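Enquirer: Quick one: structure below, then a few questions.
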Amino acid sequence: MTLDPVLARIDQNMPEALERLFDLLRIKSISTDPAFDTDVDAAADWLVNELQSLGIDAQKRPTTGHPMVVGHVDGPGPHILFYGHYDVQPVDPLELWDRDPFDPALEDTDAGQVIRARGASDDKGQLMTFVEACRAWKSEHGSLPCKITFLFEGEEESGSPSLVPFLKENAEELSCDIALICDTGLFESAVPAITTMLRGLLAEDFTITGPSRDLHSGMYGGIAMNPIRVLSGILADLHDDTGAVTLDGFYNDVPELADDIRAQWQGLNFDHGIYLGDVGLKSPAGEQDRTPLEQIWSRPTCDVNGIWGGYTGDGFKTVLPSQASAKLSFRLVGQQDPDKIRASFRAHLESRLPDGFTVEYRSEKGSTASQMSIEDPAFEKARIALSDEWPRPAAYVGCGGSIPIAGFFKEMLNMDSMLIGFGRDDDQIHSPNEKYNVESFHKGTRSWARILAALSN
C-alpha cells in the first residue's frame with residue numbers, strides 16, 4: 001500500500017476532518033464533574049460510531065466510572081495500540097474565555113490559524129489526528145496498513161481511577177507490540193519529538209510536632225526549640241551548594257545519559273535563558289555539572305512544594321508553634337525506587353529531630369520512571385517518518401513530568417510506548433482559551449499516516 005495517495009487524501013479532506021473534530025469538541029465531556037456524566041457518555045458513543053464507520057470493531061466498555069472505548073481492526077505487520085483520552089478539563093473561570101468553550105471556531109492569529117475550544121489540544125484534537133489518518137488509509141486502500149487496537153479513555157483528567165483495573169482485567173486483549181500515545185507536543189513548538197523518558201514521582205506530606213501547645217515567645221523563646229526552625233534546617237540540608245540532592249543513596253540507580261542522546265539534545269539549541277526568563281528567573285538551580293535539558297529531562301529532583309506553621313494572619317501573634325508542616329515532591333529517573341527514596345528521606349528527617357519531637361507522615365504510593373528502549377527499530381522508523389513531514393528533523397526527548405499511562409502499559413501489558421503529539425507550548429491546555437493550531441492538526445494527521453506506513457514495512 002502506497003503512502004502518497006493517503007497524504008493527498010488527508011490534504012483534500014481537511015475541511016471535513018475539521019468539521020468532525022468540531023462535532024466532538026461540542027460535547028461537554030468534563031469527567032471531573034458528575035453534572036456532565038451524560039456528556040462524557042455521549043462522547044464515548046460518538047467515538048464508537050466514528051470507528052465503526054471505518055469498519056473497526058468498536059465498543060463502549062463499562063467501568064466503575066466513565067466508559068472506555070475499545071476498537072480492533074485486523075491487518076498485517078505489527079500490532080499497534082493507540083491511546084488517547086476524550087474527556088476534558090473543567091472550563092472555570094468561564095469569564096476569562098473569549099468565547100463559549102464548547103462552541104469551537106477557527107481564529108486567525110500571528111502564528112497561523114487555530115482551533116479555539118476546550119479539548120482542542122488536550123486531547124480531542126490530538127486523538128482525532130490518528131483517527132483521520134486511519135480514515136485516509138481506509139478511503140484510499142480499503143483497509144489499514146497494520147493491525148491496530150484503539151483505546152480511548154474517559155477519565156484521564158480526573159485521575160484515571162478505572163484505568164488500572166481495566167488494563168488488568170483486559171491485559172490479554174490489549175497487549176500489543178507497541179503503544180502509541182498522542183498526549184504530548186512539539187519541542188519548543190517547532191521540533192517533532194518522540195518522548196522516550198518520563199520521570200516518576202514521589203510525594204511526601206508530613207508534620208513535625210515539638211511542644212505540646214503553642215508557646216508564648218517571651219516566656220519560651222530561646223529555651224524552647226521551635227518546630228519551624230527544625231523544619232527549615234531539614235529542608236535546607238536537602239541540597240548542597242552545587243544543587244545536588246544530599247539524601248543517602250539518592251543517585252545510586254540514576255543512569256548516565258547516552259552520548260548520542262546527549263548530542264541530539266545539544267542539537268536542539270535549547271535556550272535556558274529564554275525558558276527561565278519567561279517566568280522571571282535567570283540561572284538554572286539544578287546540578288551544576290549537568291546541562292539545562294538534562295536537569296529537566298534525565299536527572300532526579302527534590303522540591304519543596306509547600307511549608308506552613310505558626311501564625312500567618314495580619315499583624316503578629318508572637319508564638320512558637322507546636323507544629324510545622326511541609327509537602328515535598330521527588331521526580332525520579334532510571335531505576336530509582338520510590339520506596340527506597342522515601343526511606344532515605346525519612347531517615348534524613350528523623351536523624352535531625354531534637355529529643356521529644358515527633359513526625360507524622362501523610363503520603364501515597366509513588367511511581368517509577370519510564371524509559372523506552374529505542375533499540376526497538378520501530379522508534380527510529382517513526383523518527384524518520386516524522387522528520388519527513390516537518391521542516392526540522394525529529395528528536396528523541398525526555399519529559400520532566402509524569403505520564404502514568406506509559407508506565408502502566410510497561411508494567412501491566414509489557415510493552416513500550418512512543419509518545420508522539422503535536423501540541424504547542426502556548427496551547428493553554430487546562431486554561432481558558434485553549435487552542436490547537438490547524439497546522440498541528442493537519443501535519444499531525446499526515447505524520448500518523450507516515451508513521452503507520454513506516455511501522456508496517
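Naming works like this for the C-alpha cells: A, B, ... for the chains as they're shown, residue 1 at the start of each chain, ligands 1 onward in shown order.
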So that I can check the surroundings of range 62-78 of chain A, please list as number ranges by chain every protein, DNA and RNA residue that reaches within 7 Å of it, counting only C-alpha atoms and ignoring chain neighbours fewer than 3 positions away.
Expert: A: 41, 44, 48, 56-59, 144-155, 162, 177, 456
Enquirer: Kindly save the residues from that selection, with C-alpha atoms included, as a tab-separated table (two decimals), in the first residue's frame.
Expert:
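Result file follows (result37.tsv):
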```tsv
chain	number	residue	atom	x	y	z
A	41	ASP	CA	-21.07	9.06	27.80
A	44	ALA	CA	-17.80	7.77	24.01
A	48	VAL	CA	-17.65	4.33	18.79
A	56	ILE	CA	-13.43	-1.07	13.05
A	57	ASP	CA	-14.98	-3.42	15.58
A	58	ALA	CA	-15.56	-0.80	18.31
A	59	GLN	CA	-17.46	-0.92	21.58
A	144	LEU	CA	-5.48	-0.15	7.31
A	145	PRO	CA	-1.79	-0.98	6.84
A	146	CYS	CA	-1.40	-2.98	10.05
A	147	LYS	CA	-3.26	-4.49	12.97
A	148	ILE	CA	-4.48	-1.77	15.37
A	149	THR	CA	-6.19	-1.70	18.76
A	150	PHE	CA	-7.78	1.60	19.81
A	151	LEU	CA	-8.12	2.55	23.49
A	152	PHE	CA	-9.85	5.84	24.32
A	153	GLU	CA	-10.20	6.75	27.98
A	154	GLY	CA	-12.84	8.99	29.60
A	155	GLU	CA	-11.19	9.68	32.96
A	162	SER	CA	-10.81	2.98	36.39
A	177	ASP	CA	3.80	-4.98	20.08
A	456	SER	CA	4.06	-1.54	8.60
```
Enquirer: Considering only C-alpha atoms, return as a count of residues only whatever protein or nucleic-acid residues lie within 10 Å of Arg346 in chain A, sequence-local ones (same chain, fewer than 6 positions apart) excluded.
Expert: 7
Enquirer: Running DSSP on the backbone, which parts of range 123-321 of chain A land in strand (DSSP E), as a PyMOL selection string?
Expert: chain A and resi 147-153+178-181+193-198+200-209+215-216+301-309+319-320
Enquirer: Take the residues that were just selected and, keeping C-alpha atoms, output them as a PDB file, in the first residue's frame.
Expert:
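Once everything was written out, this is result.pdb:
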```
ATOM      1  CA  LYS A 147      -3.261  -4.487  12.973  1.00  0.00           C
ATOM      2  CA  ILE A 148      -4.477  -1.768  15.366  1.00  0.00           C
ATOM      3  CA  THR A 149      -6.185  -1.703  18.756  1.00  0.00           C
ATOM      4  CA  PHE A 150      -7.775   1.597  19.810  1.00  0.00           C
ATOM      5  CA  LEU A 151      -8.122   2.547  23.485  1.00  0.00           C
ATOM      6  CA  PHE A 152      -9.846   5.842  24.317  1.00  0.00           C
ATOM      7  CA  GLU A 153     -10.203   6.751  27.980  1.00  0.00           C
ATOM      8  CA  ILE A 178       3.997  -1.279  20.893  1.00  0.00           C
ATOM      9  CA  ALA A 179       1.755   1.558  22.076  1.00  0.00           C
ATOM     10  CA  LEU A 180       1.321   4.987  20.527  1.00  0.00           C
ATOM     11  CA  ILE A 181       0.270   7.787  22.905  1.00  0.00           C
ATOM     12  CA  ALA A 193       9.505  14.731  19.081  1.00  0.00           C
ATOM     13  CA  ILE A 194       9.221  11.212  20.410  1.00  0.00           C
ATOM     14  CA  THR A 195       9.238  11.235  24.195  1.00  0.00           C
ATOM     15  CA  THR A 196      11.290   8.304  25.449  1.00  0.00           C
ATOM     16  CA  MET A 197      11.893   9.277  29.081  1.00  0.00           C
ATOM     17  CA  LEU A 198       9.283  10.087  31.709  1.00  0.00           C
ATOM     18  CA  GLY A 200       8.486   9.118  38.108  1.00  0.00           C
ATOM     19  CA  LEU A 201       7.002  10.856  41.123  1.00  0.00           C
ATOM     20  CA  LEU A 202       7.133  10.526  44.893  1.00  0.00           C
ATOM     21  CA  ALA A 203       5.356  12.913  47.261  1.00  0.00           C
ATOM     22  CA  GLU A 204       5.893  13.355  50.993  1.00  0.00           C
ATOM     23  CA  ASP A 205       3.480  15.285  53.230  1.00  0.00           C
ATOM     24  CA  PHE A 206       4.431  15.499  56.898  1.00  0.00           C
ATOM     25  CA  THR A 207       4.025  17.411  60.145  1.00  0.00           C
ATOM     26  CA  ILE A 208       6.681  17.844  62.835  1.00  0.00           C
ATOM     27  CA  THR A 209       5.427  18.296  66.396  1.00  0.00           C
ATOM     28  CA  LEU A 215       4.164  28.779  73.299  1.00  0.00           C
ATOM     29  CA  HIS A 216       4.491  32.456  74.198  1.00  0.00           C
ATOM     30  CA  THR A 301      14.867  16.298  41.661  1.00  0.00           C
ATOM     31  CA  CYS A 302      13.755  17.164  45.173  1.00  0.00           C
ATOM     32  CA  ASP A 303      11.470  20.170  45.576  1.00  0.00           C
ATOM     33  CA  VAL A 304       9.595  21.762  48.462  1.00  0.00           C
ATOM     34  CA  ASN A 305       6.022  22.416  47.317  1.00  0.00           C
ATOM     35  CA  GLY A 306       4.600  23.954  50.473  1.00  0.00           C
ATOM     36  CA  ILE A 307       5.521  24.977  54.040  1.00  0.00           C
ATOM     37  CA  TRP A 308       3.223  26.088  56.831  1.00  0.00           C
ATOM     38  CA  GLY A 309       3.220  26.575  60.581  1.00  0.00           C
ATOM     39  CA  VAL A 319       4.142  32.324  69.459  1.00  0.00           C
ATOM     40  CA  LEU A 320       6.419  29.374  68.979  1.00  0.00           C
TER      41      LEU A 320
END
```
Enquirer: Select from range 107-352 of chain A everything DSSP, run on the backbone, classes as helix (DSSP H, G or I), then give the selection as a CSV table (one decimal) with N, CA and C atoms, in the first residue's frame.
Expert:
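Done, and the output landed in out.csv:
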```
chain,number,residue,atom,x,y,z
A,124,LYS,N,-8.7,16.0,22.4
A,124,LYS,CA,-9.5,15.6,21.3
A,124,LYS,C,-8.9,15.9,19.9
A,125,GLY,N,-8.2,17.0,19.8
A,125,GLY,CA,-7.6,17.3,18.5
A,125,GLY,C,-6.5,16.3,18.2
A,126,GLN,N,-5.7,16.0,19.3
A,126,GLN,CA,-4.6,15.0,19.1
A,126,GLN,C,-5.1,13.6,18.8
A,127,LEU,N,-6.2,13.2,19.5
A,127,LEU,CA,-6.8,11.9,19.3
A,127,LEU,C,-7.3,11.8,17.8
A,128,MET,N,-7.9,12.9,17.3
A,128,MET,CA,-8.5,12.8,16.0
A,128,MET,C,-7.5,12.9,14.9
A,129,THR,N,-6.3,13.3,15.2
A,129,THR,CA,-5.3,13.2,14.1
A,129,THR,C,-5.1,11.8,13.7
A,130,PHE,N,-5.0,10.9,14.7
A,130,PHE,CA,-4.8,9.5,14.4
A,130,PHE,C,-6.1,8.9,13.7
A,131,VAL,N,-7.2,9.2,14.2
A,131,VAL,CA,-8.5,8.7,13.5
A,131,VAL,C,-8.5,9.1,12.1
A,132,GLU,N,-8.2,10.4,11.8
A,132,GLU,CA,-8.3,10.9,10.5
A,132,GLU,C,-7.2,10.3,9.6
A,133,ALA,N,-6.1,10.0,10.1
A,133,ALA,CA,-5.0,9.2,9.4
A,133,ALA,C,-5.5,7.9,9.0
A,134,CYS,N,-6.2,7.2,9.9
A,134,CYS,CA,-6.8,5.9,9.6
A,134,CYS,C,-7.9,6.0,8.5
A,135,ARG,N,-8.7,7.1,8.6
A,135,ARG,CA,-9.7,7.3,7.6
A,135,ARG,C,-9.2,7.4,6.2
A,136,ALA,N,-8.1,8.1,6.1
A,136,ALA,CA,-7.5,8.3,4.8
A,136,ALA,C,-6.9,7.0,4.3
A,137,TRP,N,-6.3,6.2,5.1
A,137,TRP,CA,-5.8,4.9,4.7
A,137,TRP,C,-6.9,4.1,4.2
A,138,LYS,N,-8.0,4.0,4.9
A,138,LYS,CA,-9.2,3.2,4.6
A,138,LYS,C,-9.8,3.7,3.3
A,139,SER,N,-9.9,5.0,3.1
A,139,SER,CA,-10.5,5.6,1.9
A,139,SER,C,-9.7,5.2,0.7
A,140,GLU,N,-8.4,5.2,0.8
A,140,GLU,CA,-7.5,5.0,-0.4
A,140,GLU,C,-7.3,3.5,-0.7
A,141,HIS,N,-7.2,2.7,0.3
A,141,HIS,CA,-6.8,1.4,0.1
A,141,HIS,C,-7.8,0.3,0.6
A,156,GLU,N,-9.0,10.5,32.1
A,156,GLU,CA,-7.7,10.9,32.2
A,156,GLU,C,-7.6,12.2,33.0
A,157,GLU,N,-8.5,13.1,32.8
A,157,GLU,CA,-8.4,14.4,33.5
A,157,GLU,C,-9.0,14.3,34.9
A,158,SER,N,-9.4,13.2,35.4
A,158,SER,CA,-9.9,13.0,36.7
A,158,SER,C,-9.1,11.9,37.5
A,163,LEU,N,-8.7,3.1,35.1
A,163,LEU,CA,-7.8,2.6,34.1
A,163,LEU,C,-7.0,1.4,34.5
A,164,VAL,N,-6.4,1.4,35.7
A,164,VAL,CA,-5.6,0.2,36.1
A,164,VAL,C,-6.4,-1.0,36.2
A,165,PRO,N,-7.6,-1.0,36.9
A,165,PRO,CA,-8.4,-2.2,36.9
A,165,PRO,C,-8.8,-2.7,35.5
A,166,PHE,N,-9.1,-1.8,34.6
A,166,PHE,CA,-9.5,-2.1,33.2
A,166,PHE,C,-8.3,-2.8,32.5
A,167,LEU,N,-7.1,-2.2,32.7
A,167,LEU,CA,-5.9,-2.8,32.0
A,167,LEU,C,-5.7,-4.2,32.5
A,168,LYS,N,-5.8,-4.4,33.8
A,168,LYS,CA,-5.6,-5.7,34.4
A,168,LYS,C,-6.6,-6.7,34.0
A,169,GLU,N,-7.8,-6.3,33.9
A,169,GLU,CA,-8.9,-7.3,33.5
A,169,GLU,C,-8.8,-7.6,32.0
A,171,ALA,N,-5.9,-7.4,30.0
A,171,ALA,CA,-4.5,-7.4,29.6
A,171,ALA,C,-4.2,-8.2,28.4
A,172,GLU,N,-4.8,-9.4,28.3
A,172,GLU,CA,-4.6,-10.2,27.1
A,172,GLU,C,-5.1,-9.5,25.8
A,173,GLU,N,-6.3,-9.0,25.9
A,173,GLU,CA,-6.9,-8.3,24.7
A,173,GLU,C,-6.1,-7.1,24.3
A,174,LEU,N,-5.5,-6.3,25.3
A,174,LEU,CA,-4.9,-5.0,25.0
A,174,LEU,C,-3.4,-5.1,24.7
A,217,SER,N,6.3,33.5,73.0
A,217,SER,CA,7.8,33.6,72.6
A,217,SER,C,8.5,34.4,73.7
A,218,GLY,N,7.8,35.2,74.5
A,218,GLY,CA,8.5,35.9,75.6
A,218,GLY,C,8.9,35.0,76.7
A,219,MET,N,8.0,34.0,77.0
A,219,MET,CA,8.3,33.1,78.1
A,219,MET,C,9.2,31.9,77.7
A,220,TYR,N,9.0,31.5,76.4
A,220,TYR,CA,9.7,30.3,76.0
A,220,TYR,C,10.8,30.5,74.9
A,227,PRO,N,9.6,24.3,66.2
A,227,PRO,CA,9.5,23.3,65.1
A,227,PRO,C,9.7,23.9,63.7
A,228,ILE,N,9.4,25.2,63.5
A,228,ILE,CA,9.7,25.8,62.2
A,228,ILE,C,11.2,25.9,62.0
A,229,ARG,N,12.0,26.2,63.0
A,229,ARG,CA,13.4,26.2,62.9
A,229,ARG,C,14.0,24.8,62.6
A,230,VAL,N,13.4,23.8,63.2
A,230,VAL,CA,13.8,22.4,62.9
A,230,VAL,C,13.5,22.1,61.4
A,231,LEU,N,12.2,22.4,61.0
A,231,LEU,CA,11.8,22.1,59.6
A,231,LEU,C,12.7,22.8,58.6
A,232,SER,N,13.0,24.1,58.9
A,232,SER,CA,13.8,24.8,58.0
A,232,SER,C,15.2,24.2,57.8
A,233,GLY,N,15.8,23.7,58.9
A,233,GLY,CA,17.1,23.1,58.8
A,233,GLY,C,17.1,21.8,58.0
A,234,ILE,N,16.0,21.0,58.2
A,234,ILE,CA,15.8,19.8,57.5
A,234,ILE,C,15.7,20.0,56.0
A,235,LEU,N,14.9,21.0,55.6
A,235,LEU,CA,14.8,21.3,54.2
A,235,LEU,C,16.0,21.9,53.6
A,236,ALA,N,16.7,22.8,54.3
A,236,ALA,CA,17.9,23.4,53.8
A,236,ALA,C,19.0,22.3,53.6
A,259,ASP,N,25.6,9.0,25.0
A,259,ASP,CA,26.3,10.1,24.3
A,259,ASP,C,25.5,10.6,23.1
A,260,ASP,N,24.9,9.6,22.4
A,260,ASP,CA,24.2,10.0,21.2
A,260,ASP,C,22.9,10.8,21.5
A,261,ILE,N,22.3,10.5,22.6
A,261,ILE,CA,21.1,11.2,23.1
A,261,ILE,C,21.5,12.6,23.6
A,262,ARG,N,22.6,12.7,24.3
A,262,ARG,CA,23.1,14.0,24.8
A,262,ARG,C,23.4,14.9,23.6
A,263,ALA,N,24.1,14.3,22.6
A,263,ALA,CA,24.4,15.1,21.4
A,263,ALA,C,23.1,15.6,20.7
A,264,GLN,N,22.1,14.7,20.6
A,264,GLN,CA,20.9,15.1,20.0
A,264,GLN,C,20.2,16.2,20.7
A,265,TRP,N,20.2,16.2,22.0
A,265,TRP,CA,19.6,17.2,22.9
A,265,TRP,C,20.4,18.6,22.7
A,266,GLN,N,21.7,18.5,22.6
A,266,GLN,CA,22.5,19.7,22.4
A,266,GLN,C,22.2,20.3,21.0
A,272,HIS,N,18.1,28.1,27.7
A,272,HIS,CA,17.6,28.2,29.1
A,272,HIS,C,17.4,29.6,29.6
A,273,GLY,N,18.1,30.5,29.0
A,273,GLY,CA,17.9,31.9,29.4
A,273,GLY,C,16.5,32.4,29.1
A,274,ILE,N,16.0,32.1,27.8
A,274,ILE,CA,14.6,32.4,27.4
A,274,ILE,C,13.6,31.6,28.3
A,275,TYR,N,13.9,30.3,28.4
A,275,TYR,CA,13.0,29.4,29.2
A,275,TYR,C,12.8,29.9,30.6
A,276,LEU,N,13.8,30.3,31.3
A,276,LEU,CA,13.7,30.8,32.6
A,276,LEU,C,13.3,32.2,32.7
A,277,GLY,N,13.7,33.0,31.7
A,277,GLY,CA,13.3,34.4,31.6
A,277,GLY,C,11.8,34.6,31.5
A,292,PRO,N,21.1,22.2,31.1
A,292,PRO,CA,19.7,22.5,31.4
A,292,PRO,C,18.7,21.5,31.0
A,293,LEU,N,18.8,20.9,29.8
A,293,LEU,CA,17.9,19.9,29.4
A,293,LEU,C,18.0,18.6,30.2
A,294,GLU,N,19.3,18.3,30.6
A,294,GLU,CA,19.4,17.1,31.4
A,294,GLU,C,18.7,17.4,32.8
A,295,GLN,N,18.9,18.6,33.3
A,295,GLN,CA,18.2,18.9,34.6
A,295,GLN,C,16.7,18.7,34.5
A,296,ILE,N,16.1,19.0,33.4
A,296,ILE,CA,14.7,18.9,33.2
A,296,ILE,C,14.2,17.5,32.9
A,297,TRP,N,15.0,16.8,32.1
A,297,TRP,CA,14.5,15.5,31.5
A,297,TRP,C,15.1,14.3,32.1
A,338,PRO,N,10.8,4.4,44.4
A,338,PRO,CA,10.2,5.3,45.3
A,338,PRO,C,10.2,4.9,46.8
A,339,ASP,N,10.1,3.6,47.0
A,339,ASP,CA,10.2,3.2,48.4
A,339,ASP,C,11.6,3.4,49.1
A,340,LYS,N,12.6,3.2,48.3
A,340,LYS,CA,14.0,3.5,48.8
A,340,LYS,C,14.2,5.0,49.0
A,341,ILE,N,13.7,5.8,48.1
A,341,ILE,CA,13.9,7.3,48.2
A,341,ILE,C,13.1,7.7,49.4
A,342,ARG,N,11.9,7.2,49.6
A,342,ARG,CA,11.1,7.6,50.8
A,342,ARG,C,11.8,7.2,52.1
A,343,ALA,N,12.4,6.0,52.1
A,343,ALA,CA,13.1,5.6,53.3
A,343,ALA,C,14.3,6.5,53.6
A,344,SER,N,15.0,6.8,52.5
A,344,SER,CA,16.2,7.7,52.7
A,344,SER,C,15.8,9.1,53.2
A,345,PHE,N,14.7,9.6,52.6
A,345,PHE,CA,14.3,10.9,53.1
A,345,PHE,C,13.8,10.9,54.6
A,346,ARG,N,13.1,9.9,54.9
A,346,ARG,CA,12.6,9.8,56.3
A,346,ARG,C,13.8,9.6,57.3
A,347,ALA,N,14.8,8.9,56.9
A,347,ALA,CA,16.0,8.7,57.7
A,347,ALA,C,16.7,10.1,57.9
A,348,HIS,N,16.7,10.9,56.8
A,348,HIS,CA,17.3,12.2,56.8
A,348,HIS,C,16.6,13.1,57.8
A,349,LEU,N,15.2,13.0,57.7
A,349,LEU,CA,14.4,13.9,58.6
A,349,LEU,C,14.5,13.5,60.0
A,350,GLU,N,14.3,12.2,60.3
A,350,GLU,CA,14.3,11.7,61.7
A,350,GLU,C,15.6,11.8,62.4
```
Enquirer: Lys28 in chain A: which residues within 10 Å, counting only C-alpha atoms, same-chain residues fewer than 4 positions away excluded, as a ChimeraX atom specification?
Expert: /A:24,36-43,87-91,101-102,118-119
Enquirer: Keeping only N, CA and C atoms, take the residues you just selected and write them out as a PDB file, in the first residue's frame.
Expert:
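File result-v7.pdb, as written:
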```pdb
ATOM      1  N   LEU A  24     -16.998  16.701  17.818  1.00  0.00           N
ATOM      2  CA  LEU A  24     -16.539  16.109  19.071  1.00  0.00           C
ATOM      3  C   LEU A  24     -16.276  17.185  20.125  1.00  0.00           C
ATOM      4  N   PHE A  36     -21.834  16.362  34.263  1.00  0.00           N
ATOM      5  CA  PHE A  36     -21.563  16.157  32.835  1.00  0.00           C
ATOM      6  C   PHE A  36     -21.411  14.673  32.488  1.00  0.00           C
ATOM      7  N   ASP A  37     -21.857  13.781  33.365  1.00  0.00           N
ATOM      8  CA  ASP A  37     -21.712  12.350  33.104  1.00  0.00           C
ATOM      9  C   ASP A  37     -22.381  11.941  31.794  1.00  0.00           C
ATOM     10  N   THR A  38     -23.545  12.501  31.517  1.00  0.00           N
ATOM     11  CA  THR A  38     -24.255  12.161  30.275  1.00  0.00           C
ATOM     12  C   THR A  38     -23.450  12.604  29.059  1.00  0.00           C
ATOM     13  N   ASP A  39     -22.774  13.762  29.182  1.00  0.00           N
ATOM     14  CA  ASP A  39     -21.974  14.269  28.067  1.00  0.00           C
ATOM     15  C   ASP A  39     -20.747  13.392  27.830  1.00  0.00           C
ATOM     16  N   VAL A  40     -20.124  12.939  28.913  1.00  0.00           N
ATOM     17  CA  VAL A  40     -18.967  12.050  28.761  1.00  0.00           C
ATOM     18  C   VAL A  40     -19.399  10.779  28.047  1.00  0.00           C
ATOM     19  N   ASP A  41     -20.536  10.256  28.435  1.00  0.00           N
ATOM     20  CA  ASP A  41     -21.073   9.062  27.798  1.00  0.00           C
ATOM     21  C   ASP A  41     -21.351   9.309  26.315  1.00  0.00           C
ATOM     22  N   ALA A  42     -21.861  10.506  26.011  1.00  0.00           N
ATOM     23  CA  ALA A  42     -22.168  10.855  24.615  1.00  0.00           C
ATOM     24  C   ALA A  42     -20.891  10.927  23.773  1.00  0.00           C
ATOM     25  N   ALA A  43     -19.814  11.416  24.365  1.00  0.00           N
ATOM     26  CA  ALA A  43     -18.545  11.478  23.634  1.00  0.00           C
ATOM     27  C   ALA A  43     -18.040  10.080  23.313  1.00  0.00           C
ATOM     28  N   ASP A  87     -12.020  12.809  27.470  1.00  0.00           N
ATOM     29  CA  ASP A  87     -12.555  13.725  28.477  1.00  0.00           C
ATOM     30  C   ASP A  87     -11.716  14.993  28.504  1.00  0.00           C
ATOM     31  N   VAL A  88     -12.276  16.049  29.059  1.00  0.00           N
ATOM     32  CA  VAL A  88     -11.607  17.349  29.089  1.00  0.00           C
ATOM     33  C   VAL A  88     -11.659  17.940  30.490  1.00  0.00           C
ATOM     34  N   GLN A  89     -10.843  18.976  30.673  1.00  0.00           N
ATOM     35  CA  GLN A  89     -10.810  19.707  31.931  1.00  0.00           C
ATOM     36  C   GLN A  89     -12.051  20.598  32.073  1.00  0.00           C
ATOM     37  N   PRO A  90     -12.411  20.954  33.325  1.00  0.00           N
ATOM     38  CA  PRO A  90     -13.442  21.979  33.508  1.00  0.00           C
ATOM     39  C   PRO A  90     -13.027  23.296  32.854  1.00  0.00           C
ATOM     40  N   VAL A  91     -13.989  24.173  32.629  1.00  0.00           N
ATOM     41  CA  VAL A  91     -13.708  25.413  31.891  1.00  0.00           C
ATOM     42  C   VAL A  91     -13.550  26.621  32.809  1.00  0.00           C
ATOM     43  N   PRO A 101     -16.595  27.926  25.450  1.00  0.00           N
ATOM     44  CA  PRO A 101     -15.559  26.886  25.337  1.00  0.00           C
ATOM     45  C   PRO A 101     -15.996  25.686  24.503  1.00  0.00           C
ATOM     46  N   PHE A 102     -17.303  25.460  24.398  1.00  0.00           N
ATOM     47  CA  PHE A 102     -17.800  24.307  23.653  1.00  0.00           C
ATOM     48  C   PHE A 102     -18.492  24.718  22.350  1.00  0.00           C
ATOM     49  N   ARG A 118     -12.382  24.142  24.320  1.00  0.00           N
ATOM     50  CA  ARG A 118     -11.883  23.236  25.353  1.00  0.00           C
ATOM     51  C   ARG A 118     -11.707  21.848  24.736  1.00  0.00           C
ATOM     52  N   GLY A 119     -10.526  21.275  24.972  1.00  0.00           N
ATOM     53  CA  GLY A 119     -10.200  19.961  24.438  1.00  0.00           C
ATOM     54  C   GLY A 119      -9.578  19.987  23.061  1.00  0.00           C
TER      55      GLY A 119
END
```
